[in-house]
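Structure below is data-v6.csv: CSV, C-alpha atoms.
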```csv
chain,number,residue,atom,x,y,z
Z,1,MET,CA,0.0,0.0,0.0
Z,2,ALA,CA,1.2,3.5,-0.8
Z,3,THR,CA,2.3,5.5,2.2
Z,4,LYS,CA,0.1,8.5,2.8
Z,5,THR,CA,2.0,11.8,3.2
Z,6,HIS,CA,1.0,13.8,6.1
Z,7,ARG,CA,1.2,17.6,5.9
Z,8,VAL,CA,1.4,20.1,8.7
Z,9,LEU,CA,-1.3,22.1,7.0
Z,10,PRO,CA,-3.8,19.6,5.5
Z,11,GLY,CA,-6.3,20.4,2.8
Z,12,PHE,CA,-4.4,21.2,-0.4
Z,13,GLY,CA,-7.6,21.9,-2.3
Z,14,LEU,CA,-9.0,24.3,0.3
Z,15,ALA,CA,-5.6,26.0,0.8
Z,16,LEU,CA,-5.2,26.4,-3.0
Z,17,GLY,CA,-8.7,27.7,-3.5
Z,18,TYR,CA,-8.2,30.3,-0.7
Z,19,THR,CA,-4.9,31.4,-2.1
Z,20,LEU,CA,-6.4,31.9,-5.6
Z,21,VAL,CA,-9.4,33.8,-4.3
Z,22,TYR,CA,-7.2,36.0,-2.1
Z,23,LEU,CA,-4.7,36.8,-4.9
Z,24,SER,CA,-7.6,37.5,-7.3
Z,25,LEU,CA,-9.3,39.9,-5.0
Z,26,LEU,CA,-6.0,41.6,-3.9
Z,27,ILE,CA,-4.1,41.7,-7.2
Z,28,LEU,CA,-5.7,40.2,-10.3
Z,29,LEU,CA,-9.0,42.1,-10.2
Z,30,PRO,CA,-7.5,45.6,-9.6
Z,31,LEU,CA,-4.9,45.0,-12.3
Z,32,GLY,CA,-7.5,43.5,-14.7
Z,33,GLY,CA,-9.8,46.5,-14.1
Z,34,MET,CA,-6.9,48.9,-14.9
Z,35,VAL,CA,-6.1,47.0,-18.1
Z,36,LEU,CA,-9.8,46.9,-19.1
Z,37,LYS,CA,-10.1,50.7,-18.5
Z,38,ALA,CA,-7.0,51.3,-20.6
Z,39,SER,CA,-8.4,49.2,-23.4
Z,40,GLU,CA,-11.0,51.9,-24.1
Z,41,LEU,CA,-8.2,53.9,-25.6
Z,42,GLY,CA,-6.7,51.3,-27.8
Z,43,VAL,CA,-3.0,50.3,-28.2
Z,44,GLY,CA,-2.3,53.2,-30.6
Z,45,GLN,CA,-3.5,55.9,-28.2
Z,46,ILE,CA,-1.7,54.3,-25.2
Z,47,ILE,CA,1.5,54.4,-27.2
Z,48,ASP,CA,0.9,58.0,-28.2
Z,49,ILE,CA,0.4,59.0,-24.5
Z,50,ALA,CA,3.5,57.0,-23.4
Z,51,LEU,CA,5.6,58.7,-26.1
Z,52,GLY,CA,4.4,62.2,-25.4
Z,53,GLU,CA,7.2,64.7,-24.6
Z,54,ARG,CA,6.2,65.1,-20.9
Z,55,SER,CA,5.7,61.3,-20.5
Z,56,LEU,CA,9.1,60.5,-22.0
Z,57,ALA,CA,10.8,63.1,-19.8
Z,58,ALA,CA,9.1,61.6,-16.7
Z,59,PHE,CA,10.3,58.1,-17.9
Z,60,ARG,CA,13.8,59.3,-18.3
Z,61,VAL,CA,13.9,60.9,-14.8
Z,62,THR,CA,12.3,57.8,-13.2
Z,63,PHE,CA,14.4,55.1,-14.9
Z,64,GLY,CA,17.6,57.2,-14.8
Z,65,ALA,CA,17.4,58.0,-11.1
Z,66,SER,CA,16.3,54.4,-10.3
Z,67,LEU,CA,19.2,53.0,-12.2
Z,68,ALA,CA,21.7,55.4,-10.6
Z,69,ALA,CA,20.3,54.6,-7.1
Z,70,ALA,CA,20.5,50.9,-7.7
Z,71,ALA,CA,24.0,51.1,-9.0
Z,72,VAL,CA,25.1,53.1,-5.9
Z,73,ASN,CA,23.5,50.6,-3.6
Z,74,ALA,CA,25.1,47.7,-5.5
Z,75,PHE,CA,28.5,49.1,-4.6
Z,76,PHE,CA,27.9,50.4,-1.1
Z,77,GLY,CA,25.4,47.7,-0.2
Z,78,LEU,CA,28.1,45.1,-0.9
Z,79,ILE,CA,30.4,46.9,1.5
Z,80,VAL,CA,27.8,47.2,4.2
Z,81,ALA,CA,26.8,43.6,3.9
Z,82,TRP,CA,30.4,42.4,4.0
Z,83,ILE,CA,31.2,44.5,7.1
Z,84,LEU,CA,28.0,43.2,8.9
Z,85,VAL,CA,28.9,39.6,8.2
Z,86,ARG,CA,32.7,39.5,8.5
Z,87,TYR,CA,33.4,41.9,11.3
Z,88,SER,CA,32.5,42.4,14.9
Z,89,PHE,CA,32.4,45.9,16.4
Z,90,PRO,CA,30.5,47.8,19.1
Z,91,GLY,CA,27.0,48.7,18.0
Z,92,LYS,CA,26.9,46.1,15.3
Z,93,ARG,CA,23.3,45.1,16.1
Z,94,PHE,CA,22.3,48.7,16.0
Z,95,VAL,CA,23.9,49.3,12.6
Z,96,ASP,CA,22.3,46.1,11.3
Z,97,ALA,CA,18.9,47.3,12.5
Z,98,LEU,CA,19.4,50.7,10.8
Z,99,VAL,CA,19.6,48.9,7.5
Z,100,ASP,CA,15.9,48.0,7.9
Z,101,LEU,CA,14.9,51.5,8.8
Z,102,PRO,CA,13.7,52.4,5.2
Z,103,PHE,CA,11.3,49.4,5.5
Z,104,ALA,CA,9.8,50.7,8.8
Z,105,LEU,CA,9.9,54.5,8.2
Z,106,PRO,CA,7.0,56.0,6.2
Z,107,THR,CA,8.3,57.1,2.9
Z,108,ALA,CA,6.7,60.6,3.3
Z,109,VAL,CA,8.7,61.0,6.5
Z,110,ALA,CA,11.9,60.0,4.7
Z,111,GLY,CA,11.2,62.5,2.0
Z,112,ILE,CA,10.5,65.4,4.3
Z,113,THR,CA,13.6,64.6,6.3
Z,114,LEU,CA,15.8,64.5,3.2
Z,115,ALA,CA,14.3,67.7,1.9
Z,116,THR,CA,15.0,69.4,5.3
Z,117,LEU,CA,18.6,68.2,5.3
Z,118,TYR,CA,19.5,69.1,1.8
Z,119,ALA,CA,17.5,72.3,1.3
Z,120,GLY,CA,19.5,75.5,0.8
Z,121,ASN,CA,19.1,76.4,4.5
Z,122,GLY,CA,19.3,72.8,5.7
Z,123,TRP,CA,22.0,71.2,7.8
Z,124,LEU,CA,23.8,69.7,4.9
Z,125,GLY,CA,22.5,71.8,2.0
Z,126,ARG,CA,23.9,75.1,3.4
Z,127,TYR,CA,27.4,73.6,2.9
Z,128,LEU,CA,26.8,71.9,-0.4
Z,129,GLU,CA,25.1,74.6,-2.4
Z,130,PRO,CA,28.0,77.1,-2.0
Z,131,LEU,CA,30.1,74.3,-3.6
Z,132,GLY,CA,27.8,74.1,-6.5
Z,133,VAL,CA,26.1,70.9,-5.4
Z,134,LYS,CA,22.3,71.4,-5.3
Z,135,VAL,CA,20.5,68.4,-4.0
Z,136,ALA,CA,17.0,69.4,-3.0
Z,137,TYR,CA,14.5,70.0,-5.8
Z,138,THR,CA,16.7,68.5,-8.5
Z,139,PRO,CA,17.0,65.0,-10.1
Z,140,LEU,CA,20.0,64.5,-7.8
Z,141,GLY,CA,17.7,64.7,-4.8
Z,142,ILE,CA,15.6,62.0,-6.4
Z,143,VAL,CA,18.7,59.8,-6.6
Z,144,PHE,CA,19.4,60.5,-2.9
Z,145,ALA,CA,15.8,59.5,-1.9
Z,146,LEU,CA,15.8,56.3,-4.0
Z,147,THR,CA,19.2,55.3,-2.6
Z,148,PHE,CA,17.9,55.6,0.9
Z,149,ILE,CA,14.8,53.6,0.1
Z,150,THR,CA,16.4,50.7,-1.8
Z,151,LEU,CA,19.5,50.1,0.3
Z,152,PRO,CA,18.0,47.2,2.3
Z,153,PHE,CA,17.2,45.2,-0.8
Z,154,VAL,CA,20.8,44.8,-1.7
Z,155,VAL,CA,22.2,44.3,1.8
Z,156,ARG,CA,19.6,41.7,2.8
Z,157,THR,CA,20.0,39.8,-0.5
Z,158,LEU,CA,23.8,39.7,-0.1
Z,159,GLN,CA,24.1,38.9,3.6
Z,160,PRO,CA,23.0,35.2,3.6
Z,161,VAL,CA,25.2,34.5,0.5
Z,162,ILE,CA,28.3,36.1,2.2
Z,163,GLU,CA,27.5,34.1,5.4
Z,164,ASP,CA,27.7,30.9,3.4
Z,165,ILE,CA,31.2,31.6,2.2
Z,166,GLU,CA,33.5,30.3,4.9
Z,167,THR,CA,36.5,32.4,5.9
Z,168,GLU,CA,38.7,29.3,5.4
Z,169,VAL,CA,38.2,29.8,1.7
Z,170,GLU,CA,39.9,33.2,1.8
Z,171,GLU,CA,42.6,31.8,4.1
Z,172,ALA,CA,43.2,28.9,1.7
Z,173,ALA,CA,43.6,31.3,-1.3
Z,174,ALA,CA,46.0,33.5,0.7
Z,175,SER,CA,48.1,30.5,1.9
Z,176,LEU,CA,48.4,29.4,-1.7
Z,177,GLY,CA,49.8,32.8,-2.8
Z,178,ALA,CA,46.8,34.7,-4.0
Z,179,SER,CA,46.7,38.4,-3.2
Z,180,ARG,CA,43.6,40.1,-1.6
Z,181,TRP,CA,42.5,41.5,-4.9
Z,182,GLN,CA,42.8,38.1,-6.7
Z,183,THR,CA,41.0,36.4,-3.8
Z,184,PHE,CA,38.1,38.9,-4.1
Z,185,THR,CA,37.9,39.0,-7.9
Z,186,ARG,CA,38.4,35.3,-8.6
Z,187,VAL,CA,36.9,33.6,-5.5
Z,188,ILE,CA,34.5,35.9,-3.6
Z,189,PHE,CA,33.0,38.0,-6.3
Z,190,PRO,CA,32.0,35.2,-8.6
Z,191,ALA,CA,30.2,33.5,-5.7
Z,192,ILE,CA,28.2,36.6,-4.7
Z,193,PHE,CA,27.7,38.1,-8.1
Z,194,PRO,CA,24.3,36.4,-8.8
Z,195,ALA,CA,23.0,37.7,-5.4
Z,196,LEU,CA,24.4,41.1,-6.1
Z,197,LEU,CA,22.7,41.2,-9.5
Z,198,THR,CA,19.4,40.1,-7.9
Z,199,GLY,CA,19.6,42.8,-5.2
Z,200,PHE,CA,20.4,45.3,-7.9
Z,201,ALA,CA,17.3,44.3,-9.9
Z,202,LEU,CA,15.1,44.4,-6.7
Z,203,ALA,CA,16.3,47.8,-5.8
Z,204,PHE,CA,15.8,49.1,-9.3
Z,205,ALA,CA,12.2,47.7,-9.5
Z,206,ARG,CA,11.4,49.2,-6.1
Z,207,ALA,CA,12.8,52.6,-7.0
Z,208,ILE,CA,10.7,52.8,-10.2
Z,209,GLY,CA,7.5,52.8,-8.3
Z,210,GLU,CA,8.6,55.0,-5.4
Z,211,TYR,CA,6.4,58.1,-4.8
Z,212,GLY,CA,6.2,59.3,-1.1
Z,213,SER,CA,9.9,59.9,-0.5
Z,214,VAL,CA,10.5,61.5,-3.8
Z,215,ILE,CA,7.8,64.2,-4.1
Z,216,PHE,CA,9.1,66.2,-1.2
Z,217,ILE,CA,12.7,66.5,-2.4
Z,218,ALA,CA,12.2,66.4,-6.2
Z,219,GLY,CA,10.7,69.8,-6.8
Z,220,ASN,CA,8.3,68.1,-9.2
Z,221,LEU,CA,9.1,70.4,-12.2
Z,222,PRO,CA,7.7,69.0,-15.5
Z,223,MET,CA,10.4,68.0,-18.0
Z,224,ILE,CA,13.1,68.4,-15.2
Z,225,SER,CA,12.3,66.5,-12.0
Z,226,GLU,CA,8.9,65.0,-12.5
Z,227,ILE,CA,8.7,61.2,-12.0
Z,228,THR,CA,6.1,59.0,-13.7
Z,229,PRO,CA,4.1,58.2,-10.5
Z,230,LEU,CA,3.7,61.9,-9.9
Z,231,LEU,CA,2.6,62.4,-13.6
Z,232,ILE,CA,-0.1,59.7,-13.1
Z,233,ILE,CA,-1.4,61.5,-10.0
Z,234,SER,CA,-1.4,64.8,-11.9
Z,235,LYS,CA,-3.5,63.4,-14.6
Z,236,LEU,CA,-5.9,62.0,-12.1
Z,237,GLU,CA,-6.2,65.4,-10.4
Z,238,GLN,CA,-7.0,66.8,-13.9
Z,239,TYR,CA,-9.7,64.1,-14.3
Z,240,ASP,CA,-7.7,62.6,-17.2
Z,241,VAL,CA,-8.4,59.1,-15.9
Z,242,LEU,CA,-7.7,57.4,-19.3
Z,243,GLY,CA,-4.4,59.1,-19.6
Z,244,ALA,CA,-3.4,58.2,-16.1
Z,245,THR,CA,-4.5,54.6,-16.7
Z,246,ALA,CA,-2.5,54.4,-19.9
Z,247,LEU,CA,0.7,55.4,-18.1
Z,248,ALA,CA,-0.1,53.0,-15.3
Z,249,VAL,CA,-0.5,50.1,-17.8
Z,250,VAL,CA,2.9,51.0,-19.3
Z,251,MET,CA,4.5,50.9,-15.9
Z,252,LEU,CA,2.7,47.6,-15.2
Z,253,VAL,CA,4.2,46.0,-18.3
Z,254,LEU,CA,7.6,47.3,-17.3
Z,255,SER,CA,7.2,46.0,-13.8
Z,256,PHE,CA,6.2,42.5,-15.1
Z,257,LEU,CA,9.3,42.5,-17.2
Z,258,LEU,CA,11.5,43.4,-14.2
Z,259,LEU,CA,9.7,40.7,-12.2
Z,260,LEU,CA,10.5,38.2,-14.9
Z,261,GLY,CA,14.1,39.3,-14.9
Z,262,VAL,CA,14.3,38.9,-11.1
Z,263,ASN,CA,12.9,35.4,-11.3
Z,264,VAL,CA,15.3,34.4,-14.1
Z,265,LEU,CA,18.2,35.7,-11.9
Z,266,GLN,CA,17.0,33.7,-8.9
Z,267,TRP,CA,16.7,30.6,-11.1
Z,268,TRP,CA,20.2,31.2,-12.4
Z,269,THR,CA,21.6,31.7,-8.9
Z,270,ALA,CA,20.0,28.5,-7.6
Z,271,ASN,CA,21.4,26.4,-10.6
Z,272,ARG,CA,24.8,28.1,-10.5
Z,273,HIS,CA,25.3,27.1,-6.8
Z,274,LYS,CA,23.9,23.6,-7.5
Z,275,HIS,CA,26.2,22.8,-10.4
Z,276,GLY,CA,29.2,25.1,-9.7
Z,277,GLU,CA,32.6,23.9,-8.5
Z,278,PRO,CA,33.5,24.1,-4.8
Z,279,LEU,CA,35.0,27.4,-3.6
Z,280,GLU,CA,38.1,25.5,-2.5
Z,281,ALA,CA,38.8,24.6,-6.1
Z,282,THR,CA,38.2,28.2,-7.2
Z,283,ALA,CA,40.6,29.4,-4.5
Z,284,ALA,CA,43.3,27.0,-5.7
Z,285,LYS,CA,42.8,28.3,-9.3
Z,286,ALA,CA,43.1,31.9,-8.1
Z,287,ALA,CA,46.3,31.1,-6.3
Z,288,GLY,CA,47.6,29.3,-9.4
Z,289,GLY,CA,46.9,32.4,-11.4
Z,290,ALA,CA,48.9,34.5,-9.0
Z,291,GLN,CA,52.0,32.4,-9.5
```
Would you write out, as structure tokens, the structure that this file holds?
Amino acid sequence: MATKTHRVLPGFGLALGYTLVYLSLLILLPLGGMVLKASELGVGQIIDIALGERSLAAFRVTFGASLAAAAVNAFFGLIVAWILVRYSFPGKRFVDALVDLPFALPTAVAGITLATLYAGNGWLGRYLEPLGVKVAYTPLGIVFALTFITLPFVVRTLQPVIEDIETEVEEAAASLGASRWQTFTRVIFPAIFPALLTGFALAFARAIGEYGSVIFIAGNLPMISEITPLLIISKLEQYDVLGATALAVVMLVLSFLLLLGVNVLQWWTANRHKHGEPLEATAAKAAGGAQ
């Protein structure tokens, strides 16, 4: 007789039905309604709205600032994650908790705080503006806000991967003659690169849809510092529901593409670790290259 598998949570059919109903009410129905509303315009009109001068400027600001913020966090987030995993120092738990602050802090509060700090009469802005660096009410301010919001995505993605790399691997590479740079570039970085790329993609995707922390520091000038979410809100305030819906559908399609990219990266990461060679062998190769 076949052995019956016992689950902690019994009732697959009931659980699956509840999951589908919950996701339909929470996600599928609102998104489906938005797409149905946008279908009143037709594909041609949606493309015309998306390719309008103001829309293209908003897309450039949104995607350019998001890409810059994700790139900055890919570099500094790696450093933060490495320090939190590899070193012990007073206040480490406090610093580790600070990384999650953007998750807990309301984005509007973050935006007001950043605008206060970097305004012309702010604590930091009063020293930066005489040097020709204007942060508040410029695209640079948007980058600052998005960098603050997306830092945890990179750090929390990298931390478990760095924890899995034993320090003995670095010591083995050093004992075999590899320099610190060769150990990092040939042993450490290839192992953490998939996670770093995933964290970068998550930060980029999160930054694209950010609104609350940006509007207070951006200045919201059309063609200069106006982001796409704000343009959508502006169209709604002008009762241009179809125009706002068209832009929202374009952002929805781009978000799905980013989500697909993140899933592909996660699949690649899992298969790479499953079929990749042991780090000890990589350390030996790095040391061989140093000789």
Which residues are near Gly125 of chain Z? Cut-off 12 Å, all atoms listed in the file, ignore same chain within fewer than 3 positions. Put them as a compact mmCIF listing (two decimals) with C-alpha atoms, in the frame of the given file.
```
# COMPACT_ATOMS: atom_id res chain seq x y z
CA LEU Z 114 15.80 64.50 3.20
CA ALA Z 115 14.30 67.70 1.90
CA THR Z 116 15.00 69.40 5.30
CA LEU Z 117 18.60 68.20 5.30
CA TYR Z 118 19.50 69.10 1.80
CA ALA Z 119 17.50 72.30 1.30
CA GLY Z 120 19.50 75.50 0.80
CA ASN Z 121 19.10 76.40 4.50
CA GLY Z 122 19.30 72.80 5.70
CA LEU Z 128 26.80 71.90 -0.40
CA GLU Z 129 25.10 74.60 -2.40
CA PRO Z 130 28.00 77.10 -2.00
CA LEU Z 131 30.10 74.30 -3.60
CA GLY Z 132 27.80 74.10 -6.50
CA VAL Z 133 26.10 70.90 -5.40
CA LYS Z 134 22.30 71.40 -5.30
CA VAL Z 135 20.50 68.40 -4.00
CA ALA Z 136 17.00 69.40 -3.00
CA TYR Z 137 14.50 70.00 -5.80
CA GLY Z 141 17.70 64.70 -4.80
CA ILE Z 217 12.70 66.50 -2.40
```
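Here the question is which of Z:Thr19, Z:Thr138, Z:Gln45, Z:Ser39 gets nearest to Ile224 of chain Z using all atoms listed in the file, and that residue is Z:Thr138.
Across the structure, atom CA of Thr157 of chain Z and atom CA of Thr198 of chain Z are spaced 7.4 Å apart.
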Next on the checklist: Which residues are close to Val143 of chain Z, i.e. within 7 Å by all atoms listed in the file, leaving aside same-chain residues fewer than 5 positions away? Reply as a PyMOL selection string.
Outcome noted: chain Z and resi 65-66+68-69
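Look at Val262 of chain Z: the protein and nucleic acid residues within 9 Å of it, using all atoms listed in the file and passing over chain neighbours fewer than 5 places away, are Z:Leu197, Z:Thr198, Z:Gly199, Z:Ala201, Z:Leu202, Z:Leu257, Z:Trp267.
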Could you take the residues named above and write them with C-alpha atoms, as a PDB file, in the coordinates of the input?
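New file selection_38.pdb:
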```pdb
ATOM      1  CA  LEU Z 197      22.700  41.200  -9.500  1.00  0.00           C
ATOM      2  CA  THR Z 198      19.400  40.100  -7.900  1.00  0.00           C
ATOM      3  CA  GLY Z 199      19.600  42.800  -5.200  1.00  0.00           C
ATOM      4  CA  ALA Z 201      17.300  44.300  -9.900  1.00  0.00           C
ATOM      5  CA  LEU Z 202      15.100  44.400  -6.700  1.00  0.00           C
ATOM      6  CA  LEU Z 257       9.300  42.500 -17.200  1.00  0.00           C
ATOM      7  CA  TRP Z 267      16.700  30.600 -11.100  1.00  0.00           C
TER       8      TRP Z 267
END
```
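Between Val85 of chain Z and the candidates Z:Pro139, Z:Gly64, Z:Gly13, Z:Pro160, the tightest atom-to-atom separation, counting only C-alpha atoms, involves Z:Pro160.
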Item to check | Point-to-point distance from atom CA of Ile232 of chain Z to atom CA of Leu101 of chain Z, Å rounded to tenths | outcome: 27.8 Å
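Take the candidates Z:Leu41, Z:Met251, Z:Ala70, Z:Ile165 and check each one against Ser55 of chain Z using all atoms listed in the file; the shortest distance goes to Z:Met251.
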Next on the checklist: Could you tell me how far atom CA of Leu247 of chain Z sits from atom CA of Ile47 of chain Z, in Å to one decimal place?
Outcome noted: 9.2 Å
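In terms of minimum interatomic distance to Gly219 of chain Z, Z:Leu140 ranks closest within Z:Ala203, Z:Leu140, Z:Ala38, Z:Val43, counting only C-alpha atoms.
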Next on the checklist: I'd like to know which of Z:Leu158, Z:Ile46, Z:Val99, Z:Ala172 is closest to Pro194 of chain Z, using only C-alpha atoms.
Outcome noted: Z:Leu158
